[in-house]
Structures are given as C-alpha cells and as structure tokens.
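start-v3.txt (compact mmCIF, C-alpha atoms)
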# COMPACT_ATOMS: atom_id res chain seq x y z
CA MET W 1 -4.39 18.89 -1.85
CA LEU W 2 -4.23 17.81 1.78
CA ARG W 3 -4.84 20.81 4.00
CA ALA W 4 -5.58 19.03 7.30
CA ALA W 5 -5.16 15.55 8.72
CA HIS W 6 -8.25 13.33 8.48
CA ALA W 7 -9.79 15.70 5.91
CA PRO W 8 -10.72 14.78 2.33
CA LEU W 9 -8.34 15.82 -0.41
CA THR W 10 -9.42 18.89 -2.38
CA ILE W 11 -8.86 19.63 -6.07
CA GLU W 12 -7.06 22.96 -6.42
CA ASP W 13 -4.87 24.83 -8.89
CA VAL W 14 -1.20 25.16 -7.95
CA GLU W 15 1.60 27.17 -9.50
CA LEU W 16 4.81 25.16 -9.67
CA TYR W 17 8.17 26.77 -9.06
CA ALA W 18 10.50 26.59 -12.05
CA PRO W 19 12.86 23.63 -11.84
CA GLY W 20 16.05 24.72 -10.09
CA PRO W 21 19.53 23.26 -10.55
CA GLY W 22 19.47 19.49 -10.87
CA ARG W 23 15.67 19.33 -11.10
CA VAL W 24 13.15 18.54 -13.84
CA ARG W 25 9.49 19.23 -14.52
CA VAL W 26 7.38 16.20 -15.38
CA ARG W 27 3.90 15.92 -16.85
CA ILE W 28 2.25 13.09 -14.91
CA ALA W 29 0.48 10.47 -17.00
CA ALA W 30 -0.59 8.18 -14.16
CA SER W 31 -0.27 7.77 -10.41
CA GLY W 32 -1.03 4.82 -8.20
CA VAL W 33 -2.91 5.42 -4.94
CA CYS W 34 -0.73 3.88 -2.24
CA HIS W 35 -1.46 3.11 1.41
CA SER W 36 1.41 5.39 2.46
CA ASP W 37 -0.66 8.30 1.14
CA LEU W 38 -3.44 7.22 3.49
CA SER W 39 -0.91 7.19 6.34
CA LEU W 40 -0.20 10.86 5.60
CA ILE W 41 -3.91 11.67 5.59
CA ASP W 42 -4.65 9.94 8.90
CA GLY W 43 -1.55 11.32 10.61
CA SER W 44 0.26 8.00 11.02
CA MET W 45 3.17 9.56 9.13
CA PRO W 46 3.93 13.26 9.67
CA GLN W 47 3.51 15.67 6.76
CA PRO W 48 3.70 19.50 6.72
CA MET W 49 0.59 20.97 5.08
CA PRO W 50 -0.80 22.04 2.74
CA ALA W 51 0.67 19.30 0.58
CA VAL W 52 0.04 17.52 -2.68
CA LEU W 53 0.15 13.77 -2.06
CA GLY W 54 1.08 10.90 -4.37
CA HIS W 55 4.45 9.24 -4.81
CA GLU W 56 3.84 6.40 -7.30
CA GLY W 57 3.92 8.09 -10.68
CA ALA W 58 5.13 8.01 -14.26
CA GLY W 59 5.10 10.65 -16.95
CA VAL W 60 7.02 12.70 -19.49
CA VAL W 61 9.80 15.22 -18.85
CA THR W 62 8.80 18.70 -20.05
CA GLU W 63 11.50 21.04 -18.71
CA LEU W 64 15.06 20.80 -17.38
CA GLY W 65 16.65 22.84 -14.63
CA PRO W 66 20.20 24.19 -14.90
CA GLY W 67 22.88 21.50 -15.16
CA VAL W 68 20.58 18.61 -16.04
CA THR W 69 21.78 16.39 -18.88
CA SER W 70 19.65 13.32 -18.12
CA PRO W 71 16.78 12.68 -18.48
CA VAL W 72 16.03 14.82 -21.54
CA VAL W 73 12.85 16.65 -22.52
CA GLY W 74 10.32 14.21 -23.97
CA GLU W 75 11.75 11.20 -22.14
CA HIS W 76 9.33 8.88 -20.37
CA VAL W 77 10.18 8.36 -16.70
CA ILE W 78 9.11 6.60 -13.53
CA LEU W 79 9.46 8.78 -10.43
CA SER W 80 11.35 7.56 -7.38
CA TRP W 81 10.66 9.10 -3.99
CA ILE W 82 14.28 8.41 -3.04
CA ALA W 83 16.88 10.39 -5.00
CA PRO W 84 20.25 8.76 -4.25
CA CYS W 85 23.28 11.05 -4.08
CA ARG W 86 25.62 8.25 -5.25
CA ALA W 87 28.37 9.65 -3.01
CA CYS W 88 27.53 8.92 0.64
CA ALA W 89 28.63 5.83 2.57
CA ALA W 90 25.31 4.02 2.00
CA CYS W 91 25.33 4.66 -1.74
CA LEU W 92 28.98 3.61 -2.06
CA ARG W 93 28.29 0.31 -0.33
CA GLY W 94 25.44 -0.40 -2.77
CA GLN W 95 22.47 0.61 -0.62
CA PRO W 96 21.02 3.67 -2.39
CA THR W 97 17.64 3.35 -0.66
CA LEU W 98 19.48 4.13 2.60
CA CYS W 99 21.15 7.20 1.05
CA GLU W 100 21.99 9.83 3.68
CA ARG W 101 20.71 12.55 1.32
CA GLY W 102 18.07 10.55 -0.53
CA MET W 103 15.09 12.26 1.10
CA ASP W 104 16.49 15.81 1.21
CA HIS W 105 14.13 16.90 -1.56
CA ALA W 106 11.11 15.79 0.50
CA PHE W 107 11.99 18.23 3.30
CA ALA W 108 13.57 21.04 1.30
CA GLY W 109 10.56 23.33 1.51
CA PRO W 110 7.63 24.16 -0.78
CA TYR W 111 7.64 23.29 -4.46
CA ALA W 112 4.55 25.31 -5.47
CA THR W 113 1.95 27.80 -4.28
CA ALA W 114 -1.85 27.70 -4.14
CA ASN W 115 -3.72 30.96 -3.63
CA GLY W 116 -0.48 32.38 -2.29
CA ASP W 117 0.06 29.55 0.23
CA PRO W 118 3.35 27.64 0.01
CA VAL W 119 2.64 24.00 -0.89
CA MET W 120 4.74 20.96 0.02
CA ALA W 121 5.35 17.93 -2.20
CA ALA W 122 4.60 14.82 -0.14
CA LEU W 123 7.65 12.52 -0.16
CA GLY W 124 9.14 15.08 -2.52
CA THR W 125 7.13 13.66 -5.40
CA ALA W 126 3.53 14.97 -5.48
CA THR W 127 2.08 12.79 -8.23
CA PHE W 128 -1.60 13.51 -7.48
CA ALA W 129 -1.31 16.38 -9.94
CA GLU W 130 -1.02 16.99 -13.65
CA GLU W 131 2.61 18.10 -13.27
CA THR W 132 5.37 18.03 -10.68
CA VAL W 133 9.00 19.06 -10.16
CA VAL W 134 11.51 16.52 -8.84
CA PRO W 135 15.28 15.93 -8.73
CA ALA W 136 16.59 14.65 -12.06
CA THR W 137 18.01 11.64 -10.19
CA ALA W 138 14.46 10.75 -9.13
CA ALA W 139 13.22 10.55 -12.73
CA ILE W 140 14.25 7.17 -14.13
CA PRO W 141 14.07 6.86 -17.94
CA ILE W 142 12.05 3.97 -19.38
CA PRO W 143 11.16 2.81 -22.92
CA HIS W 144 8.68 5.08 -24.73
CA ASP W 145 6.43 2.18 -25.67
CA PHE W 146 5.76 0.90 -22.14
CA PRO W 147 2.26 1.82 -20.82
CA LEU W 148 2.71 4.61 -18.29
CA ALA W 149 -0.31 3.54 -16.20
CA LEU W 150 1.45 0.24 -15.48
CA ALA W 151 4.88 1.83 -15.17
CA SER W 152 3.60 4.11 -12.39
CA LEU W 153 3.10 1.11 -10.08
CA VAL W 154 6.81 0.34 -10.23
CA GLY W 155 7.55 3.69 -8.57
CA CYS W 156 6.53 2.33 -5.17
CA GLY W 157 4.30 -0.70 -4.69
CA VAL W 158 5.89 -3.11 -7.15
CA VAL W 159 9.53 -2.40 -6.40
CA THR W 160 8.79 -2.36 -2.65
CA GLY W 161 6.95 -5.69 -2.62
CA VAL W 162 8.95 -7.61 -5.20
CA GLY W 163 12.21 -6.13 -3.94
CA ALA W 164 11.48 -7.13 -0.34
CA VAL W 165 11.26 -10.75 -1.47
CA VAL W 166 14.03 -10.79 -4.07
CA ASN W 167 16.55 -8.33 -2.61
CA THR W 168 16.00 -8.20 1.15
CA ALA W 169 14.66 -11.66 2.02
CA ALA W 170 16.52 -13.23 -0.92
CA VAL W 171 14.00 -16.07 -1.16
CA ARG W 172 15.50 -19.12 -2.88
CA PRO W 173 13.74 -21.69 -5.08
CA GLY W 174 11.87 -24.26 -3.02
CA GLU W 175 11.60 -22.15 0.14
CA THR W 176 8.30 -21.41 1.86
CA VAL W 177 6.94 -17.89 2.34
CA ALA W 178 4.13 -16.36 4.39
CA ILE W 179 3.00 -12.84 3.45
CA VAL W 180 0.96 -10.96 6.05
CA GLY W 181 -1.10 -8.21 4.42
CA CYS W 182 -2.42 -8.39 0.87
CA GLY W 183 -2.79 -4.79 -0.21
CA GLY W 184 -0.98 -3.53 -3.30
CA VAL W 185 2.51 -4.04 -1.85
CA GLY W 186 1.60 -7.42 -0.37
CA LEU W 187 0.25 -8.63 -3.71
CA ALA W 188 3.47 -7.51 -5.38
CA ALA W 189 5.33 -9.52 -2.73
CA VAL W 190 3.19 -12.54 -3.62
CA GLN W 191 4.26 -12.15 -7.23
CA GLY W 192 7.85 -11.74 -6.07
CA ALA W 193 7.69 -15.00 -4.11
CA ARG W 194 6.28 -16.80 -7.13
CA LEU W 195 9.00 -15.23 -9.28
CA SER W 196 11.64 -16.48 -6.82
CA GLY W 197 10.43 -20.07 -7.12
CA ALA W 198 8.97 -20.41 -3.64
CA SER W 199 7.35 -23.82 -3.19
CA ARG W 200 4.61 -22.42 -0.98
CA VAL W 201 3.30 -18.86 -0.88
CA ILE W 202 0.82 -18.38 1.96
CA ALA W 203 -1.17 -15.14 1.87
CA VAL W 204 -2.64 -13.88 5.14
CA ASP W 205 -5.25 -11.14 5.49
CA ARG W 206 -8.50 -10.33 7.27
CA VAL W 207 -10.43 -9.41 4.09
CA ALA W 208 -11.71 -12.26 1.94
CA ALA W 209 -11.58 -10.22 -1.27
CA LYS W 210 -7.87 -9.57 -0.76
CA LEU W 211 -7.24 -13.27 -0.33
CA GLY W 212 -8.95 -13.88 -3.66
CA MET W 213 -6.62 -11.32 -5.24
CA ALA W 214 -3.65 -13.04 -3.62
CA LYS W 215 -4.65 -16.35 -5.20
CA ALA W 216 -4.91 -14.65 -8.58
CA ASN W 217 -1.39 -13.23 -8.11
CA GLY W 218 0.19 -16.57 -7.32
CA ALA W 219 -0.48 -17.53 -3.69
CA THR W 220 -0.66 -21.28 -3.21
CA ASP W 221 -2.60 -20.99 0.08
CA THR W 222 -4.59 -18.35 1.92
CA VAL W 223 -5.39 -17.76 5.58
CA ASP W 224 -8.30 -15.60 6.68
CA ALA W 225 -7.03 -14.01 9.90
CA SER W 226 -10.55 -12.84 10.75
CA GLU W 227 -11.68 -16.46 11.06
CA VAL W 228 -8.73 -18.38 12.51
CA ASP W 229 -5.53 -17.98 14.50
CA ALA W 230 -3.28 -16.98 11.61
CA VAL W 231 -0.03 -18.19 13.21
CA ALA W 232 -1.48 -21.62 13.99
CA ALA W 233 -3.02 -21.86 10.53
CA VAL W 234 0.28 -21.12 8.80
CA ARG W 235 2.09 -23.64 11.00
CA ASP W 236 -0.57 -26.22 10.15
CA LEU W 237 0.20 -25.67 6.48
CA VAL W 238 3.97 -25.74 7.02
CA PRO W 239 4.87 -27.68 10.18
CA GLY W 240 7.55 -25.85 12.12
CA GLY W 241 6.90 -22.60 10.29
CA THR W 242 7.90 -21.01 7.00
CA ASP W 243 11.40 -20.19 5.84
CA HIS W 244 10.32 -16.57 5.37
CA ALA W 245 7.57 -14.38 6.77
CA LEU W 246 7.00 -10.91 5.34
CA GLU W 247 4.92 -8.34 7.21
CA VAL W 248 3.31 -5.83 4.83
CA VAL W 249 0.89 -4.03 7.16
CA GLY W 250 2.95 -1.95 9.55
CA SER W 251 1.65 -2.79 13.03
CA SER W 252 3.15 -4.43 16.08
CA ALA W 253 0.41 -7.10 16.11
CA THR W 254 1.08 -8.25 12.56
CA ILE W 255 4.86 -8.10 13.06
CA LEU W 256 4.50 -10.44 16.02
CA ALA W 257 2.24 -12.70 13.94
CA ALA W 258 4.82 -12.84 11.15
CA TYR W 259 7.51 -13.61 13.71
CA GLY W 260 5.42 -16.49 15.00
CA MET W 261 4.92 -17.89 11.49
CA ALA W 262 8.64 -18.13 10.70
CA ARG W 263 10.49 -21.33 11.56
CA ARG W 264 13.46 -21.44 13.92
CA GLY W 265 16.35 -20.00 11.96
CA GLY W 266 13.94 -18.40 9.50
CA ALA W 267 13.75 -14.80 8.37
CA VAL W 268 11.16 -12.13 9.22
CA THR W 269 11.15 -9.14 6.87
CA ILE W 270 9.29 -5.98 7.90
CA VAL W 271 7.93 -4.11 4.86
CA GLY W 272 4.90 -2.26 6.26
CA ALA W 273 5.22 1.40 7.26
CA GLY W 274 3.77 1.82 10.75
CA ARG W 275 3.33 4.56 13.30
CA PHE W 276 6.32 6.04 15.12
CA ASP W 277 4.65 5.37 18.48
CA ASP W 278 3.78 1.70 17.83
CA GLN W 279 6.27 -0.46 19.72
CA VAL W 280 6.93 -4.18 19.22
CA THR W 281 8.39 -6.43 21.91
CA PHE W 282 10.03 -9.85 21.63
CA PRO W 283 11.07 -12.23 24.44
CA VAL W 284 14.83 -11.87 24.79
CA LEU W 285 15.50 -15.58 25.32
CA GLY W 286 13.37 -16.47 22.30
CA LEU W 287 15.43 -14.19 20.07
CA MET W 288 18.50 -16.20 20.98
CA VAL W 289 17.01 -19.68 21.13
CA ASP W 290 14.98 -19.48 17.91
CA SER W 291 17.80 -17.72 16.02
CA LYS W 292 15.38 -15.91 13.71
CA ARG W 293 16.59 -13.05 11.54
CA VAL W 294 14.43 -9.92 11.85
CA GLN W 295 15.10 -7.22 9.25
CA GLY W 296 13.51 -4.16 7.76
CA SER W 297 13.16 -3.47 4.05
CA VAL W 298 13.10 0.09 2.70
CA TYR W 299 11.79 0.47 -0.86
CA GLY W 300 12.55 -3.17 -1.57
CA ALA W 301 16.30 -2.57 -1.03
CA ALA W 302 16.24 -1.49 -4.66
CA ASP W 303 18.41 0.70 -6.79
CA PRO W 304 15.77 2.64 -8.77
CA ALA W 305 18.03 3.20 -11.78
CA ARG W 306 18.72 -0.53 -11.96
CA ASP W 307 15.52 -2.12 -10.71
CA PHE W 308 12.79 0.02 -12.32
CA PRO W 309 13.79 -1.09 -15.83
CA ARG W 310 14.19 -4.66 -14.56
CA MET W 311 10.59 -4.70 -13.33
CA LEU W 312 9.36 -3.57 -16.74
CA ALA W 313 11.44 -6.27 -18.43
CA LEU W 314 10.04 -8.93 -16.10
CA HIS W 315 6.51 -7.80 -17.00
CA ARG W 316 7.27 -7.97 -20.70
CA SER W 317 8.69 -11.47 -20.31
CA GLY W 318 5.53 -12.60 -18.51
CA ARG W 319 7.26 -13.23 -15.19
CA LEU W 320 5.53 -10.28 -13.48
CA ASP W 321 1.92 -9.29 -14.16
CA LEU W 322 1.53 -5.57 -13.50
CA GLU W 323 -1.92 -5.50 -15.09
CA ARG W 324 -3.22 -7.88 -12.45
CA LEU W 325 -2.26 -5.36 -9.74
CA VAL W 326 -4.57 -2.68 -11.18
CA THR W 327 -8.18 -2.94 -10.06
CA ARG W 328 -9.47 0.45 -11.16
CA ARG W 329 -8.37 3.25 -13.46
CA ILE W 330 -9.85 6.49 -12.17
CA ALA W 331 -9.82 10.26 -12.70
CA LEU W 332 -8.23 12.65 -10.22
CA ASP W 333 -11.68 13.67 -8.98
CA ASP W 334 -12.18 10.10 -7.72
CA VAL W 335 -9.15 10.08 -5.42
CA ASN W 336 -11.12 10.23 -2.15
CA ASP W 337 -13.25 7.27 -3.21
CA ALA W 338 -10.02 5.42 -4.03
CA PHE W 339 -8.98 5.70 -0.39
CA ARG W 340 -12.41 4.48 0.70
CA ALA W 341 -12.08 1.47 -1.61
CA MET W 342 -8.57 0.81 -0.30
CA THR W 343 -9.78 0.84 3.32
CA ALA W 344 -12.68 -1.47 2.43
CA GLY W 345 -10.33 -3.93 0.74
CA GLU W 346 -12.07 -3.61 -2.61
CA VAL W 347 -8.96 -2.92 -4.69
CA ALA W 348 -5.39 -4.02 -5.20
CA ARG W 349 -4.55 -0.61 -6.67
CA SER W 350 -6.48 2.32 -8.01
CA VAL W 351 -4.52 4.22 -10.65
CA ILE W 352 -5.22 7.86 -11.46
CA VAL W 353 -4.89 8.29 -15.22
CA PHE W 354 -4.31 11.80 -16.57
CA ASP W 355 -3.70 10.87 -20.24

Take the structure in this file and express it as structure tokens.
Amino acid sequence: MLRAAHAPLTIEDVELYAPGPGRVRVRIAASGVCHSDLSLIDGSMPQPMPAVLGHEGAGVVTELGPGVTSPVVGEHVILSWIAPCRACAACLRGQPTLCERGMDHAFAGPYATANGDPVMAALGTATFAEETVVPATAAIPIPHDFPLALASLVGCGVVTGVGAVVNTAAVRPGETVAIVGCGGVGLAAVQGARLSGASRVIAVDRVAAKLGMAKANGATDTVDASEVDAVAAVRDLVPGGTDHALEVVGSSATILAAYGMARRGGAVTIVGAGRFDDQVTFPVLGLMVDSKRVQGSVYGAADPARDFPRMLALHRSGRLDLERLVTRRIALDDVNDAFRAMTAGEVARSVIVFD
C-alpha cells in the first residue's frame, strides 16, 4: 500500500469490492516491479492515495461479474492496464492503446477498503497484492502451461519495449538502432531490435551493470554515458547517426540526446514516462532541415488481445528471451528493496511471485 508520496510501501490487508458488471476477480500469481510504480511513489506521476501499486501482473480468474462471458473462471490471464472499449474512434482505427475510454477504470474510484479507508487501484490494476479486480477486457487469456512469472512481464515492460521497436518505430532488417536507457523496458527494446534484424543495436546508459545486461540481451555495442559524450560516441560508431533512436528514460536531457543520435531523416521514438513539468525544446530550423521524425509510443502501440499471446509465442520459439529479463524472484515483503535495487541499477526486473 502506498499511503504517502516518497514513503515506503506497507503490507496491509484489503477487502476487495465484489466484481461489478463487466469486471473479474483475479488471483495474482506474479507481478513485475516496473519503474512506473517508482514514478508513482516519488510523485513524478500523480496518484490518489491510499493505493495499491503494481500493473505488470498475471494470474488466474476466480470470479466473474454480471455479464462477463470471457475470460472464464480458472482461465490464466495477463493483465493490461489499458482496457480498450473497441468502439471509440481510436479503437476503430486500430489504435486501442489510445482508446478514449481505455483508462476509465483507473480513475473510476476505489476498488477496495483497508481499515475502512477507500483504496485506489494504481493504473486500475493493483498487482502488488494476492488478488485484484479489473475489467474483463483487461484480462487477456493465455495458455495454461505458460509460466505465469514470465507472462507477467508481458503486461507492461515487454510489450512496451518490444512494441516500441516493432510497432511504433517499425525497425526494418539492416537498420541501426540506439536505445537510451537500459532498465527493464529498455532491455526489452534491445531484444525487439534484435528480433527486427537491426544490424547494429547500441545500448546507452550511465550504469555499467545495465550495459552488461544489454549485451546479454542482444546489444552489439554499448556506450557508458557516465564516461563519454553519448551522442558523440554513438555517432562515432555509426557515422551520421543511427536510423532509429529510442528514449526509454523519460527526461528532457535523454530525449535531446536521442534526438542527437538519430541521423538526418531518422526516427526518434519516445518511450520513457517523464514528469508533466519537464519540458523539451528543439531548434525550429533544425526540425525542418534535419527532417527527423519525433514520435511517442504508448504501451508499445500494441493491441493487448493480439500482442500478449504473440509475445508468448515469440518466447516459445526462442526469438524472445523473457527469462533473461528476470534478475530476481522475490516475495511481496521484499518490494521496497526491489525499488532500491532498481534505482541502483542492480536488476533488469524483480518479479514478485505469489505462487
């Protein structure tokens, strides 16, 4: 439970509301610890409190609300923090992650109580708990025999990172890619670039351990931004700049660095979730003269119902390695240390395992 910004999470009992129309109750088997959760703790992203955090989870459906026909009780699911309505303009043009109603459940009010206090579900998901209640459309069925600890990663980090490369940037075989930020999402993007057939995958970070992880996940080159000018170093590796630069940190400084790494006519894809008050500024003439494409990427521009199963299939075929993205399997009591390890750059992902 998060009861105040900048405070440690506390372990408390909550009483879930019964699943209402169109909602399901899910027993959580595993939940990844994502940097976006840290952004809620430190106030970078607003969150009404008290709240249960966690949005990268997988588990088993235990109860259906009125009107739900899918998923069914006993089905294994990955949770999506976007629940597309399938009827708005964005959904109808094939962009369900931009759904006009997709985040309604995250702001619909409390989903539980604790000692009489109404409790919010962060991002409408609340996977740092043994059970949760979510919209049925946010519970994506998966094969029963797929390990739920690995499946949980697909619910945010994997689909965000891989999808940013494959769907948003649409990296083609032979192209060059720089990835700025090698946390869990950045490492998934490294795997996505390798999957796409990029000829050069340059990983950039300020923490040496993360660069080692990037190499293990498929980076062909690494740049330690704490030691060198990262933009100059990338341009030394690829004269003129890379075809693609992906920013997976969420700060104006790293966005500008990624912009500088991309070649004229190249693409800059912003994946990192930053602060609302952090502004980035580009020279107007340079935007025209260099003809670079600057674009955001929400949730890897994915369709959860389509892309979650695809990610599992890619893992099974050996083209994605979800196991390599897990550094530690932990208990719920270790969640605060997981954030410490994340901040220190010790882990790609910590995964809370309930089963």

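Excluding Gly250 (chain W) itself and any same-chain residue fewer than 2 positions from it, the protein and nucleic acid residues within 8 Å of it, counting all atoms listed in the file, are Glu247, Val248, Ser252, Thr254, Ile255, Ile270, Val271, Gly272, Ala273, Gly274 and Arg275 of chain W.
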
Can you write out as a tab-separated table which residues of region 76-112 of chain W fall within 12 Å of region 157-180 of chain W, alongside each residue's closest atom pair and its distance in Å to one decimal, counting all atoms listed in the file and ordering rows by chain and ascending residue number?
residue	atom	partner	partner_atom	distance
W:Ile78	CA	W:Val159	CA	11.5
W:Leu79	CA	W:Val159	CA	11.9
W:Ser80	CA	W:Val159	CA	10.2
W:Trp81	CA	W:Thr160	CA	11.7
W:Gly94	CA	W:Asn167	CA	11.9
W:Gln95	CA	W:Asn167	CA	10.9
W:Thr97	CA	W:Thr160	CA	10.7

For Leu53 (chain W), find every residue with an atom within 8 Å (counting all atoms listed in the file), except residues of its own chain fewer than 6 positions away, and show them as a JSON list (two decimals) with C-alpha atoms, keeping the file's coordinate frame.
[["chain", "number", "residue", "atom", "x", "y", "z"],
["W", 1, "MET", "CA", -4.39, 18.89, -1.85],
["W", 2, "LEU", "CA", -4.23, 17.81, 1.78],
["W", 37, "ASP", "CA", -0.66, 8.30, 1.14],
["W", 121, "ALA", "CA", 5.35, 17.93, -2.20],
["W", 122, "ALA", "CA", 4.60, 14.82, -0.14],
["W", 123, "LEU", "CA", 7.65, 12.52, -0.16],
["W", 125, "THR", "CA", 7.13, 13.66, -5.40],
["W", 126, "ALA", "CA", 3.53, 14.97, -5.48],
["W", 127, "THR", "CA", 2.08, 12.79, -8.23],
["W", 128, "PHE", "CA", -1.60, 13.51, -7.48]]

Which residue of W:Val207, W:Ile202, W:Ala139, W:Ala83 approaches Ala344 (chain W) most closely, using all atoms listed in the file: W:Val207

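In terms of minimum interatomic distance to Gly67 (chain W), W:Val24 ranks closest within W:Gly43, W:Gly109, W:Val24, W:Val268, counting all atoms listed in the file.
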
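Closest approach to Asp277 (chain W) among W:Met45, W:Val326, W:Met342, W:Ala258 is made by W:Met45 (distances from all atoms listed in the file).
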
Neighbour list for Ile352 (chain W) as a ChimeraX atom specification, cut-off 9 Å, all atoms listed in the file, skip fewer than 5 positions in-chain: /W:29-33,128,149,328-332,334-335

Counting only C-alpha atoms, note down every residue that has an atom within 12 Å of the point (-3.4, 26.7, -6.2) (file coordinates), as a ChimeraX atom specification. /W:1-3,10-17,50-52,111-120,129

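Interatomic distance, CA of Asp243 (chain W) against CA of Met261 (chain W): 8.9 Å.
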
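For the residues W:Leu98, W:Ala257, W:Leu322, W:Val353, ranking by smallest atom-to-atom distance to Gly296 (chain W) using only C-alpha atoms places W:Leu98 first.
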
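Excluding Gly183 (chain W) itself and any same-chain residue fewer than 2 positions from it, the protein and nucleic acid residues within 10 Å of it, counting only C-alpha atoms, are Cys34, His35, Gly157, Val180, Gly181, Val185, Gly186, Leu187, Ala188, Ala189, Asp205, Val207, Lys210, Leu211, Met213, Ala214, Val248, Val249, Leu325, Met342, Thr343, Gly345, Glu346, Val347, Ala348 and Arg349 of chain W.
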
Requested write-out: C-alpha atoms of the selected residues, as a short mmCIF file (atom, residue, chain, number, x, y, z; two decimals), in the frame of the given file:
data_model
loop_
_atom_site.label_atom_id
_atom_site.label_comp_id
_atom_site.auth_asym_id
_atom_site.auth_seq_id
_atom_site.Cartn_x
_atom_site.Cartn_y
_atom_site.Cartn_z
CA CYS W 34 -0.73 3.88 -2.24
CA HIS W 35 -1.46 3.11 1.41
CA GLY W 157 4.30 -0.70 -4.69
CA VAL W 180 0.96 -10.96 6.05
CA GLY W 181 -1.10 -8.21 4.42
CA VAL W 185 2.51 -4.04 -1.85
CA GLY W 186 1.60 -7.42 -0.37
CA LEU W 187 0.25 -8.63 -3.71
CA ALA W 188 3.47 -7.51 -5.38
CA ALA W 189 5.33 -9.52 -2.73
CA ASP W 205 -5.25 -11.14 5.49
CA VAL W 207 -10.43 -9.41 4.09
CA LYS W 210 -7.87 -9.57 -0.76
CA LEU W 211 -7.24 -13.27 -0.33
CA MET W 213 -6.62 -11.32 -5.24
CA ALA W 214 -3.65 -13.04 -3.62
CA VAL W 248 3.31 -5.83 4.83
CA VAL W 249 0.89 -4.03 7.16
CA LEU W 325 -2.26 -5.36 -9.74
CA MET W 342 -8.57 0.81 -0.30
CA THR W 343 -9.78 0.84 3.32
CA GLY W 345 -10.33 -3.93 0.74
CA GLU W 346 -12.07 -3.61 -2.61
CA VAL W 347 -8.96 -2.92 -4.69
CA ALA W 348 -5.39 -4.02 -5.20
CA ARG W 349 -4.55 -0.61 -6.67
#

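CA of Asp337 (chain W) is found 28.5 Å from CA of Gly192 (chain W).
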
Grab all the atoms of region 3-10 of chain W that the file lists, wrap them in a box along x, y and z, add 8 Å per side, and give me centre plus edge lengths in Å (one decimal) as lines of an AutoDock Vina configuration file.
center_x = -7.8
center_y = 17.1
center_z = 3.2
size_x = 21.9
size_y = 23.5
size_z = 27.1

Contact residues around Ala267 (chain W) with all atoms listed in the file at 8 Å, ignoring same-chain residues under 5 positions, as a list in words: Ala169, Asp243, His244, Ala245, Ala262, Lys292, Arg293, Val294 and Gln295 of chain W

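For the pair CA of Leu9 (chain W) and CA of Leu148 (chain W), the interatomic distance is 23.8 Å.
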
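Comparing W:Cys85, W:Ala4, W:Val190, W:Val289 by their smallest distance to Gly265 (chain W), the closest is W:Val289 (using all atoms listed in the file).
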
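Checking W:Tyr259, W:Glu63, W:His6, W:Ser196 one by one against Leu38 (chain W), counting only C-alpha atoms, you find the shortest gap at W:His6.
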
Once you count only C-alpha atoms, what closest atom pair and distance in Å to one decimal does each residue of region 81-158 of chain W within 8 Å of region 306-309 of chain W have, with rows by chain and rising residue number, as a Markdown table?
| residue | atom | partner | partner_atom | distance |
| --- | --- | --- | --- | --- |
| W:Ile140 | CA | W:Phe308 | CA | 7.5 |
| W:Ile142 | CA | W:Pro309 | CA | 6.4 |
| W:Val154 | CA | W:Phe308 | CA | 6.3 |
| W:Gly155 | CA | W:Phe308 | CA | 7.4 |
